[in-house]
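S.K.: Here you go, data.txt (compact mmCIF, C-alpha atoms):
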# COMPACT_ATOMS: atom_id res chain seq x y z
CA MET A 296 -33.40 -13.74 -30.11
CA ALA A 297 -31.46 -11.46 -32.38
CA THR A 298 -32.26 -13.35 -35.57
CA THR A 299 -34.21 -11.04 -37.82
CA GLN A 300 -37.18 -12.59 -39.54
CA SER A 301 -36.08 -11.99 -43.08
CA LYS A 302 -38.76 -11.20 -45.62
CA LEU A 303 -36.45 -12.16 -48.45
CA PRO A 304 -37.40 -15.37 -50.22
CA ILE A 305 -34.68 -17.47 -48.69
CA ASN A 306 -35.13 -21.14 -49.19
CA HIS A 307 -34.00 -22.58 -45.94
CA SER A 308 -33.02 -25.90 -47.40
CA HIS A 309 -30.18 -24.10 -49.21
CA VAL A 310 -28.84 -22.51 -46.09
CA LYS A 311 -25.89 -24.30 -44.59
CA PRO A 312 -26.92 -26.22 -41.50
CA ILE A 313 -26.02 -24.12 -38.51
CA THR A 314 -24.44 -25.94 -35.62
CA MET A 315 -25.73 -24.72 -32.31
CA ASN A 316 -23.12 -23.79 -29.71
CA LYS A 317 -20.18 -24.54 -31.92
CA GLU A 318 -17.40 -25.77 -29.68
CA ILE A 319 -14.39 -23.50 -29.43
CA ASP A 320 -11.08 -25.20 -30.24
CA HIS A 321 -9.20 -23.76 -27.26
CA LYS A 322 -6.03 -25.73 -27.94
CA GLN A 323 -5.77 -24.38 -31.46
CA LEU A 324 -6.38 -20.76 -30.38
CA SER A 325 -3.76 -21.11 -27.69
CA GLU A 326 -1.21 -22.46 -30.16
CA TRP A 327 -1.81 -19.61 -32.58
CA LEU A 328 -1.41 -17.06 -29.82
CA GLN A 329 1.76 -18.76 -28.64
CA ALA A 330 3.15 -18.69 -32.19
CA VAL A 331 2.38 -14.97 -32.42
CA ALA A 332 4.23 -14.44 -29.15
CA ASP A 333 7.24 -16.64 -29.89
CA LYS A 334 7.74 -16.20 -33.62
CA ARG A 335 5.66 -13.12 -34.50
CA CYS A 336 3.88 -15.55 -36.84
CA LYS A 337 1.61 -13.59 -39.20
CA VAL A 338 -0.21 -16.66 -40.45
CA SER A 339 -1.27 -17.54 -36.91
CA PHE A 340 -2.28 -13.94 -36.29
CA THR A 341 -4.42 -14.01 -39.43
CA HIS A 342 -6.19 -17.09 -38.09
CA LEU A 343 -6.80 -15.37 -34.75
CA PHE A 344 -7.92 -12.21 -36.49
CA LYS A 345 -10.43 -14.09 -38.62
CA PHE A 346 -11.80 -15.93 -35.62
CA PHE A 347 -12.10 -12.98 -33.23
CA SER A 348 -12.60 -9.81 -35.28
CA PRO A 349 -16.13 -10.43 -36.57
CA LYS A 350 -17.22 -11.44 -33.07
CA ILE A 351 -15.60 -8.41 -31.44
CA GLN A 352 -17.16 -6.19 -34.07
CA ARG A 353 -20.62 -7.63 -33.45
CA ILE A 354 -20.30 -7.14 -29.68
CA ALA A 355 -18.91 -3.60 -30.08
CA LYS A 356 -21.73 -2.63 -32.43
CA SER A 357 -24.18 -3.34 -29.64
CA LYS A 358 -22.37 -0.90 -27.31
CA PHE A 359 -21.36 1.99 -29.58
CA PRO A 360 -23.62 4.28 -31.56
CA ASN A 361 -21.63 4.15 -34.76
CA GLU A 362 -19.77 1.60 -36.79
CA CYS A 363 -16.58 3.61 -36.86
CA GLN A 364 -16.29 3.40 -33.06
CA ALA A 365 -17.03 -0.32 -33.15
CA ASN A 366 -14.22 -0.83 -35.66
CA GLU A 367 -11.84 1.11 -33.44
CA VAL A 368 -12.53 -1.41 -30.68
CA VAL A 369 -11.71 -4.24 -33.09
CA GLN A 370 -8.50 -2.54 -34.21
CA ASP A 371 -7.30 -1.63 -30.70
CA THR A 372 -8.16 -5.05 -29.26
CA MET A 373 -6.38 -6.97 -32.02
CA ASN A 374 -3.48 -4.52 -31.87
CA ASN A 375 -3.06 -5.33 -28.18
CA VAL A 376 -3.28 -9.04 -28.93
CA TRP A 377 -0.38 -8.61 -31.37
CA ARG A 378 1.74 -6.37 -29.16
CA LYS A 379 1.09 -8.10 -25.84
CA ALA A 380 1.00 -11.73 -27.00
CA HIS A 381 4.15 -12.43 -24.99
CA LEU A 382 2.18 -11.73 -21.81
CA PHE A 383 -0.30 -14.52 -22.54
CA ASP A 384 0.27 -17.56 -20.35
CA ALA A 385 -1.57 -20.63 -21.59
CA SER A 386 -1.17 -22.35 -18.22
CA LYS A 387 -3.16 -19.57 -16.57
CA GLY A 388 -6.25 -19.67 -18.73
CA ALA A 389 -7.82 -19.85 -22.17
CA ALA A 390 -6.97 -17.53 -25.07
CA THR A 391 -10.65 -16.59 -25.22
CA THR A 392 -10.53 -15.36 -21.62
CA TRP A 393 -7.37 -13.35 -22.25
CA ILE A 394 -8.69 -11.72 -25.40
CA TYR A 395 -12.08 -11.08 -23.79
CA THR A 396 -10.43 -9.07 -21.01
CA ILE A 397 -8.52 -7.00 -23.57
CA MET A 398 -11.73 -6.31 -25.49
CA ARG A 399 -13.66 -5.48 -22.31
CA ASN A 400 -10.94 -3.08 -21.13
CA ILE A 401 -10.64 -1.30 -24.48
CA THR A 402 -14.42 -0.98 -24.64
CA PHE A 403 -14.54 0.47 -21.12
CA ASP A 404 -11.86 3.08 -21.85
CA HIS A 405 -13.49 4.08 -25.15
CA LEU A 406 -16.92 4.42 -23.53
CA ARG A 407 -15.47 6.59 -20.76
CA LYS A 408 -13.99 8.85 -23.39
CA ILE A 409 -17.44 9.31 -24.89
CA GLN A 410 -19.52 9.45 -21.67
CA SER A 411 -17.25 11.31 -19.24
CA ASN A 412 -14.88 12.91 -21.72
CA ARG A 413 -12.02 11.36 -19.77
CA GLU A 414 -8.97 9.80 -21.38
CA ASP A 415 -7.65 8.34 -18.16
CA ASN A 416 -7.51 4.72 -19.43
CA LEU A 417 -8.22 3.22 -16.02
CA SER A 418 -9.20 -0.24 -17.22
CA ASP A 419 -5.84 -1.94 -16.73
CA ASP A 420 -5.80 -0.79 -13.10
CA ILE A 421 -9.42 -1.80 -12.51
CA TRP A 422 -9.03 -5.27 -14.04
CA PRO A 423 -5.52 -6.54 -13.43
CA MET A 424 -4.54 -9.61 -15.48
CA VAL A 425 -6.83 -12.52 -14.71
CA GLU A 426 -5.19 -15.31 -12.78
CA SER A 427 -6.45 -18.82 -13.09
CA VAL A 428 -8.79 -20.32 -10.57
CA GLN A 429 -6.63 -23.39 -9.94
CA ASN A 430 -3.74 -21.31 -8.58
CA GLU A 431 -5.73 -20.34 -5.56
CA GLU A 432 -4.07 -21.71 -2.45
CA ASP A 433 -6.54 -20.26 -0.03
CA THR A 434 -8.20 -22.18 2.69
CA PHE A 435 -11.78 -23.12 2.12
CA GLU A 436 -13.95 -25.03 4.51
CA ASP A 437 -13.05 -28.41 3.17
CA HIS A 438 -9.92 -27.89 1.23
CA LEU A 439 -8.99 -31.44 0.25
CA GLN A 440 -12.50 -32.36 -0.69
CA SER A 441 -13.02 -29.31 -2.91
CA LYS A 442 -9.66 -29.86 -4.56
CA GLN A 443 -10.59 -33.40 -5.47
CA LEU A 444 -14.00 -32.27 -6.56
CA LEU A 445 -12.50 -29.59 -8.79
CA ARG A 446 -10.20 -32.13 -10.38
CA VAL A 447 -13.08 -34.42 -11.19
CA ILE A 448 -15.18 -31.53 -12.48
CA GLU A 449 -12.36 -30.67 -14.87
CA THR A 450 -12.75 -34.09 -16.53
CA LEU A 451 -16.35 -33.38 -17.51
CA PRO A 452 -17.31 -32.12 -20.98
CA ASP A 453 -17.23 -28.29 -21.13
CA ALA A 454 -21.00 -27.92 -21.41
CA GLN A 455 -21.58 -29.85 -18.19
CA LYS A 456 -18.58 -28.28 -16.48
CA ASP A 457 -19.93 -24.75 -16.95
CA VAL A 458 -23.31 -25.63 -15.52
CA LEU A 459 -21.86 -27.49 -12.57
CA LYS A 460 -19.36 -24.76 -11.74
CA GLY A 461 -22.05 -22.14 -11.93
CA PHE A 462 -24.44 -24.09 -9.78
CA TYR A 463 -22.14 -25.32 -7.03
CA LEU A 464 -19.15 -23.01 -6.99
CA LEU A 465 -20.90 -19.75 -7.82
CA GLU A 466 -24.15 -20.77 -6.17
CA MET A 467 -26.22 -19.54 -9.08
CA SER A 468 -29.79 -20.78 -9.36
CA GLN A 469 -30.79 -22.90 -12.34
CA GLU A 470 -32.82 -19.95 -13.61
CA GLN A 471 -29.85 -17.58 -13.29
CA LEU A 472 -27.68 -20.09 -15.13
CA ALA A 473 -30.19 -20.39 -17.94
CA THR A 474 -30.17 -16.61 -18.43
CA HIS A 475 -26.43 -16.36 -17.98
CA LEU A 476 -25.53 -19.12 -20.43
CA ASN A 477 -28.41 -18.24 -22.71
CA LEU A 478 -29.80 -21.76 -22.64
CA PRO A 479 -33.27 -23.15 -22.00
CA LEU A 480 -33.93 -24.13 -18.39
CA GLY A 481 -34.52 -27.72 -19.48
CA THR A 482 -31.02 -27.94 -20.95
CA ILE A 483 -29.50 -26.64 -17.71
CA LYS A 484 -31.43 -29.22 -15.74
CA SER A 485 -30.46 -32.14 -17.94
CA ARG A 486 -26.79 -31.07 -18.06
CA LEU A 487 -26.74 -30.78 -14.30
CA ARG A 488 -28.29 -34.23 -13.97
CA LEU A 489 -25.77 -35.77 -16.37
CA ALA A 490 -22.84 -34.07 -14.68
CA LEU A 491 -23.94 -35.21 -11.25
CA ALA A 492 -24.36 -38.79 -12.41
CA LYS A 493 -20.79 -38.76 -13.72
CA LEU A 494 -19.44 -37.12 -10.59
CA LYS A 495 -21.07 -39.79 -8.48
CA VAL A 496 -19.34 -42.54 -10.43
CA GLN A 497 -15.97 -40.77 -10.43
CA LEU A 498 -15.96 -39.78 -6.79
CA GLY A 499 -17.21 -43.19 -5.80
CA GLU A 500 -14.31 -44.83 -7.59
CA ASP A 501 -11.76 -42.45 -6.12
CA ASN A 502 -13.04 -43.02 -2.62
CA ASP A 503 -12.71 -46.78 -2.78
CA MET B 275 -11.48 -10.91 8.27
CA ILE B 276 -13.48 -9.43 5.42
CA LYS B 277 -17.18 -10.01 6.07
CA HIS B 278 -18.91 -7.76 3.53
CA HIS B 279 -18.73 -8.61 -0.17
CA PRO B 280 -20.25 -7.28 -3.40
CA THR B 281 -23.42 -9.10 -4.52
CA PHE B 282 -23.18 -11.70 -7.25
CA GLU B 283 -24.97 -9.36 -9.67
CA LEU B 284 -22.44 -6.63 -8.99
CA LEU B 285 -19.53 -9.00 -9.63
CA GLN B 286 -21.15 -10.06 -12.87
CA SER B 287 -21.60 -6.45 -14.04
CA TYR B 288 -17.98 -5.79 -13.07
CA VAL B 289 -16.81 -8.71 -15.21
CA ASN B 290 -19.01 -7.54 -18.08
CA GLY B 291 -17.50 -4.05 -17.88
CA GLU B 292 -20.93 -2.50 -17.35
CA LEU B 293 -20.37 -0.60 -14.09
CA PRO B 294 -19.47 3.08 -13.91
CA ALA B 295 -15.75 3.57 -13.17
CA SER B 296 -16.48 4.54 -9.54
CA LEU B 297 -18.20 1.24 -8.71
CA ALA B 298 -15.85 -0.87 -10.84
CA ILE B 299 -12.95 0.60 -8.86
CA GLY B 300 -14.78 -0.24 -5.61
CA VAL B 301 -15.20 -3.89 -6.64
CA SER B 302 -11.59 -4.01 -7.80
CA ILE B 303 -10.27 -2.66 -4.48
CA HIS B 304 -12.27 -5.30 -2.61
CA ALA B 305 -11.19 -8.13 -4.93
CA GLU B 306 -7.52 -7.24 -4.52
CA LEU B 307 -7.95 -8.13 -0.84
CA CYS B 308 -10.53 -10.93 -1.13
CA ALA B 309 -9.45 -14.31 -2.51
CA GLU B 310 -13.02 -15.56 -2.49
CA CYS B 311 -14.34 -12.84 -4.79
CA GLN B 312 -11.23 -13.08 -6.97
CA LYS B 313 -12.10 -16.70 -7.56
CA THR B 314 -15.69 -15.89 -8.50
CA ILE B 315 -14.50 -13.15 -10.84
CA ALA B 316 -12.04 -15.50 -12.56
CA LEU B 317 -14.76 -18.11 -13.11
CA LEU B 318 -17.26 -15.56 -14.36
CA THR B 319 -14.70 -14.08 -16.75
CA GLU B 320 -13.98 -17.51 -18.16
CA GLN B 321 -17.68 -18.15 -18.69
CA VAL B 322 -18.47 -14.78 -20.19
CA ALA B 323 -15.51 -15.05 -22.57
CA GLU B 324 -16.64 -18.47 -23.69
CA GLN B 325 -20.11 -17.11 -24.32
CA ALA B 326 -18.88 -14.01 -26.16
CA PHE B 327 -16.78 -15.92 -28.64
CA GLU B 328 -18.90 -19.02 -28.98
CA ALA B 329 -22.03 -17.84 -30.76
CA GLU B 330 -21.68 -18.35 -34.48
CA THR B 331 -25.36 -18.41 -35.14
CA ASP B 332 -26.88 -14.97 -34.81
CA VAL B 333 -25.20 -13.24 -37.73
CA SER B 334 -28.03 -12.15 -39.96
CA VAL B 335 -27.87 -13.42 -43.51
CA ASN B 336 -28.58 -10.02 -45.04
CA GLU B 337 -25.68 -8.39 -43.34
CA ILE B 338 -23.25 -10.85 -44.81
CA ASP B 339 -24.58 -10.48 -48.34
CA THR B 340 -24.31 -6.72 -48.44
CA ASN B 341 -21.31 -5.96 -46.28
CA ASP B 342 -19.01 -8.87 -46.66
CA GLU B 343 -16.55 -7.38 -49.13
CA VAL B 344 -16.37 -3.98 -47.48
CA VAL B 345 -15.80 -5.61 -44.10
CA ASP B 346 -13.12 -7.85 -45.60
CA ASP B 347 -11.31 -4.78 -46.93
CA ILE B 348 -11.44 -2.97 -43.60
CA PHE B 349 -10.21 -6.06 -41.76
CA GLU B 350 -7.43 -6.65 -44.28
CA LEU B 351 -6.21 -3.09 -43.80
CA MET B 352 -6.36 -3.38 -39.99
CA MET B 353 -4.34 -6.56 -40.05
CA GLN B 354 -1.63 -5.01 -42.19
CA GLU B 355 -1.40 -1.95 -39.96
CA ILE B 356 -1.21 -4.01 -36.78
CA THR B 357 1.45 -6.43 -37.99
CA ALA B 358 3.57 -3.72 -39.65
CA SER B 359 5.76 -3.55 -36.55
CA ASP B 360 7.17 -6.59 -34.77
CA GLN B 361 7.65 -4.74 -31.49
CA TYR B 362 6.24 -5.93 -28.18
CA ASP B 363 4.68 -3.65 -25.61
CA GLU B 364 6.96 -3.22 -22.62
CA VAL B 365 5.46 -3.96 -19.24
CA ILE B 366 6.32 -1.25 -16.78
CA GLU B 367 6.25 -2.08 -13.08
CA VAL B 368 4.74 0.90 -11.32
CA ALA B 369 5.63 1.71 -7.72
CA PRO B 370 2.60 1.78 -5.40
CA ARG B 371 1.00 5.21 -5.05
CA ASN B 372 0.80 6.87 -1.66
CA VAL B 373 -1.58 9.42 -0.23
CA THR B 374 -1.18 11.46 2.96
CA PHE B 375 -3.91 12.66 5.33
CA ARG B 376 -2.95 14.74 8.36
CA GLY B 377 0.54 13.34 8.50
CA ASP B 378 -0.43 9.69 7.98
CA THR B 379 0.68 8.08 4.73
CA PHE B 380 -1.32 5.27 3.10
CA GLU B 381 -0.49 3.00 0.18
CA LEU B 382 -3.31 3.06 -2.36
CA PRO B 383 -4.74 -0.06 -4.06
CA THR B 384 -3.87 -0.76 -7.71
CA ALA B 385 -7.25 0.44 -8.95
CA LEU B 386 -6.44 3.97 -7.72
CA SER B 387 -2.94 4.11 -9.25
CA ASN B 388 -3.83 6.57 -11.98
CA VAL B 389 -7.01 8.35 -10.93
CA ASP B 390 -7.08 12.10 -10.60
CA ILE B 391 -7.17 12.91 -6.85
CA GLY B 392 -7.92 16.45 -5.65
CA TYR B 393 -6.53 18.30 -2.61
CA SER B 394 -7.93 17.32 0.76
CA ALA B 395 -10.34 19.47 2.73
CA ASN B 396 -10.99 19.12 6.46
CA ILE B 397 -13.97 19.55 8.78
CA GLY B 398 -13.29 18.49 12.36
CA LYS B 399 -11.98 14.95 12.33
CA LEU B 400 -13.07 14.32 8.76
CA SER B 401 -10.91 14.89 5.68
CA ARG B 402 -11.87 14.17 2.15
CA SER B 403 -10.27 14.29 -1.28
CA ARG B 404 -12.38 14.13 -4.39
CA ILE B 405 -11.55 11.51 -6.98
CA LYS B 406 -12.30 13.19 -10.27
CA LEU B 407 -14.03 10.62 -12.40
CA ASP B 408 -16.59 13.03 -13.93
CA GLU B 409 -19.57 10.73 -13.59
CA ASN B 410 -22.27 13.36 -13.16
CA GLU B 411 -24.32 12.80 -10.01
CA ILE B 412 -22.06 9.97 -8.86
CA HIS B 413 -19.42 11.44 -6.56
CA THR B 414 -16.33 9.56 -5.45
CA ASN B 415 -14.09 10.46 -2.52
CA LEU B 416 -11.33 9.32 -0.26
CA LEU B 417 -12.59 9.90 3.25
CA HIS B 418 -10.23 9.91 6.20
CA ILE B 419 -11.52 9.84 9.77
CA ASN B 420 -9.15 10.74 12.58
CA PRO B 421 -9.22 8.52 15.71
CA GLY B 422 -12.38 9.15 17.68
CA GLY B 423 -14.17 10.74 14.73
CA GLY B 424 -17.34 9.67 13.01
CA VAL B 425 -20.19 10.64 10.76
CA PRO B 426 -23.42 11.59 12.60
CA SER B 427 -26.52 9.45 12.06
CA HIS B 428 -27.56 9.81 8.46
CA THR B 429 -29.45 8.21 5.61
CA HIS B 430 -29.16 8.37 1.83
CA LYS B 431 -31.61 9.08 -0.89
CA GLY B 432 -29.49 7.15 -3.34
CA PHE B 433 -26.78 4.61 -2.61
CA GLU B 434 -23.58 4.93 -0.61
CA LEU B 435 -20.70 2.54 -1.15
CA THR B 436 -17.87 2.43 1.36
CA VAL B 437 -14.80 0.27 0.85
CA LEU B 438 -12.50 0.28 3.83
CA LEU B 439 -8.91 0.86 2.71
CA ASP B 440 -7.27 1.02 6.11
CA GLY B 441 -8.15 0.97 9.79
CA SER B 442 -11.63 0.15 11.03
CA PHE B 443 -14.96 1.68 11.94
CA SER B 444 -18.19 0.47 13.44
CA ASP B 445 -21.89 1.22 13.43
CA ASP B 446 -24.93 -0.47 14.95
CA GLN B 447 -24.43 -3.39 12.55
CA GLY B 448 -21.00 -4.17 13.91
CA GLU B 449 -17.33 -3.65 13.18
CA TYR B 450 -15.86 -3.21 9.71
CA THR B 451 -12.29 -4.03 8.70
CA LYS B 452 -9.92 -3.46 5.81
CA GLY B 453 -11.38 -4.70 2.52
CA ASP B 454 -15.03 -4.71 3.63
CA PHE B 455 -17.40 -3.66 0.84
CA ILE B 456 -20.42 -1.91 2.33
CA MET B 457 -23.28 -0.93 0.03
CA LEU B 458 -26.12 1.03 1.63
CA ASN B 459 -29.28 2.51 0.18
CA GLY B 460 -32.06 4.83 1.32
CA GLU B 461 -33.46 2.28 3.73
CA HIS B 462 -30.37 2.31 5.93
CA THR B 463 -29.64 4.78 8.68
CA HIS B 464 -26.30 4.57 10.38
CA SER B 465 -23.74 6.55 12.33
CA PRO B 466 -20.28 5.12 11.77
CA ILE B 467 -17.63 5.83 14.38
CA SER B 468 -13.93 5.15 14.04
CA VAL B 469 -12.15 4.66 17.35
CA ASN B 470 -8.70 4.19 15.87
CA GLY B 471 -9.15 6.12 12.65
CA CYS B 472 -9.62 4.88 9.08
CA LEU B 473 -9.37 5.62 5.38
CA CYS B 474 -12.32 4.82 3.12
CA TYR B 475 -13.12 4.88 -0.56
CA THR B 476 -16.67 6.20 -0.90
CA VAL B 477 -19.12 6.47 -3.78
CA ALA B 478 -22.52 8.16 -3.48
CA ASN B 479 -25.09 9.42 -5.91
CA ASP B 480 -26.78 11.85 -3.53
CA ALA B 481 -25.84 13.94 -0.51
CA LEU B 482 -26.00 12.36 2.93
CA HIS B 483 -29.04 13.35 4.88
CA PHE B 484 -28.69 13.78 8.63
CA THR B 485 -31.62 12.50 10.58
CA HIS B 486 -31.32 13.30 14.27
CA GLY B 487 -32.22 16.44 16.22
CA ILE B 488 -29.37 18.83 16.51
CA ASN B 489 -27.39 16.91 13.91
CA LYS B 490 -29.77 18.22 11.29
CA LEU B 491 -27.77 21.41 11.62
CA LEU B 492 -24.90 19.38 10.22
CA ASN B 493 -26.49 18.83 6.86
CA PRO B 494 -23.74 20.91 5.21
CA ILE B 495 -21.40 18.08 6.21
CA GLY B 496 -23.58 15.81 4.10
CA ASN B 497 -22.67 17.88 1.09
CA PHE B 498 -19.06 17.97 2.18
CA ILE B 499 -18.77 14.20 2.22
CA TYR B 500 -20.83 13.73 -0.95
Taking this structure as input, can you express it in the form of structure tokens?

M.R.:
Amino acid sequence: MATTQSKLPINHSHVKPITMNKEIDHKQLSEWLQAVADKRCKVSFTHLFKFFSPKIQRIAKSKFPNECQANEVVQDTMNNVWRKAHLFDASKGAATTWIYTIMRNITFDHLRKIQSNREDNLSDDIWPMVESVQNEEDTFEDHLQSKQLLRVIETLPDAQKDVLKGFYLLEMSQEQLATHLNLPLGTIKSRLRLALAKLKVQLGEDND
Amino acid sequence: MIKHHPTFELLQSYVNGELPASLAIGVSIHAELCAECQKTIALLTEQVAEQAFEAETDVSVNEIDTNDEVVDDIFELMMQEITASDQYDEVIEVAPRNVTFRGDTFELPTALSNVDIGYSANIGKLSRSRIKLDENEIHTNLLHINPGGGVPSHTHKGFELTVLLDGSFSDDQGEYTKGDFIMLNGEHTHSPISVNGCLCYTVANDALHFTHGINKLLNPIGNFIY
């Protein structure tokens, strides 16, 4: 864990209770981004900036040797969010996914500048805009069944959805999922169990 | 039908932006042609994004106490600069890029739209153009094989990635078609032959090493292709 054991005399009872895995309000983020796109709304952008910037900065600090470079990633990412907001399509995915790809691409181009001394900015060619999973119209072994399954999976709470998707659709092992989602193995197992119980009920009803 | 895909770990590193440009481009070329991997990539991206922006907990208390005001100032300034102009970025549709080998013209995948491609050099039925990514010992090429050509039996000290851009080739493992993503390491020995010709995107981090009898004389070709 990254939490530093502080030697300062901090009385933990004074510290605000920290909620684990704080849920992201995707609807709200999406609305802000839409307002930035449609109305160039600075208040909405400020909200987005306050939500994302510290997180982007923290991630960038882990990849770049100095703070100045990390701040450039924050600036360039949020600049793209402002200038490309009209390209965001809420029906194709979450705001977090969209902004993550911008951050990842900026980071990649900046790192290439440092490591290979190349300013070729290849990232937008390497990672074209992410399309949503649901738009796929490709044939899979059991198309109807998986479609129905996907629909039911979508009704599950996010925490269970992630685990189930990872386990069945990506065929990750429970151990891989635990590492990937940074959760204890026990949590993965219980979420999977809960999700499966719900699926059983739902699919059973639908099949009647 | 595409039969050879990147491993799950490779897809994950691609989504995380952790691969060198050469390998990221290789995955991207494959994904452009493979709906299955596209789907995995989309799901992984969604998950990784969620994870990146979810954690609120691991900000150390000290950092906030000392830096909070300075950080606030920097952020305030950034925000003003960014929102100073109301302009949107234009999206420019770029025409597909073509490349020509011995009179045959090929349309390149999106991932190669803006890379720096060198002139082609020929030995026998092989032609190659370097893709200048400047990644030290990792060399990236476009390799064109004329009909009936092939690469003599060889092995690799490092890894060799081949993504088939056009045409087909085969080795003792079978036939490969457009979009196949073939990652080999030092344990593999193979001698690909292309009956009808093909164009490949190749990445290697060491010269090819020819293994059989008289072909050992061909080891300069190993350097040519690498």

S.K.: If I take CA of Ile421 (chain A) and CA of Met457 (chain B), how far is one from the other in Å, to one decimal?

M.R.: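 For CA of Ile421 (chain A) relative to CA of Met457 (chain B), the distance reads 18.7 Å.
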
S.K.: Based on all atoms listed in the file, which of the residues in chain B come within 7 Å of chain A? I want them as number ranges by chain.

M.R.: B: 291, 298-299, 302, 313-314, 316-317, 319-320, 323-325, 327-332, 334, 352, 356, 360-363, 384-385, 387-388, 408-409

S.K.: Go ahead and compute the interatomic distance for CA of Glu434 (chain B) and CA of Ile409 (chain A), in Å to one decimal.

M.R.: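 Interatomic distance here is 25.4 Å.
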
S.K.: Report the distance between CA of Gln312 (chain B) and CA of Pro466 (chain B) in Å, rounded to one decimal place.

M.R.: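 CA of Gln312 (chain B) sits 27.6 Å away from CA of Pro466 (chain B).
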
S.K.: Tell me which of B:Gly300, B:Pro383, B:Gly460, B:Pro426 sits closest to Asp440 (chain B), counting all atoms listed in the file.

M.R.: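 Under the stated criterion, the closest residue is B:Pro383.
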
S.K.: Using all atoms listed in the file - which residues lie no farther than 12 Å from the point (-4.6, -5.5, 7.9) in the file's frame? Write them as a VMD selection string.

M.R.: chain B and resid 275 to 276 307 438 to 442 450 to 454 472

S.K.: Using only C-alpha atoms, determine which residues lie at most 12 Å from Ser287 (chain B), disregarding the query and same-chain residues fewer than 2 positions distant; provide the list as a list in words.

M.R.: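 With the cut-off at 12 Å, the set is Arg399 and His475 of chain A; Pro280, Thr281, Phe282, Glu283, Leu284, Leu285, Val289, Asn290, Gly291, Glu292, Leu293, Pro294, Ala295, Leu297, Ala298, Val301, Ile315, Leu318, Thr319 and Val322 of chain B.
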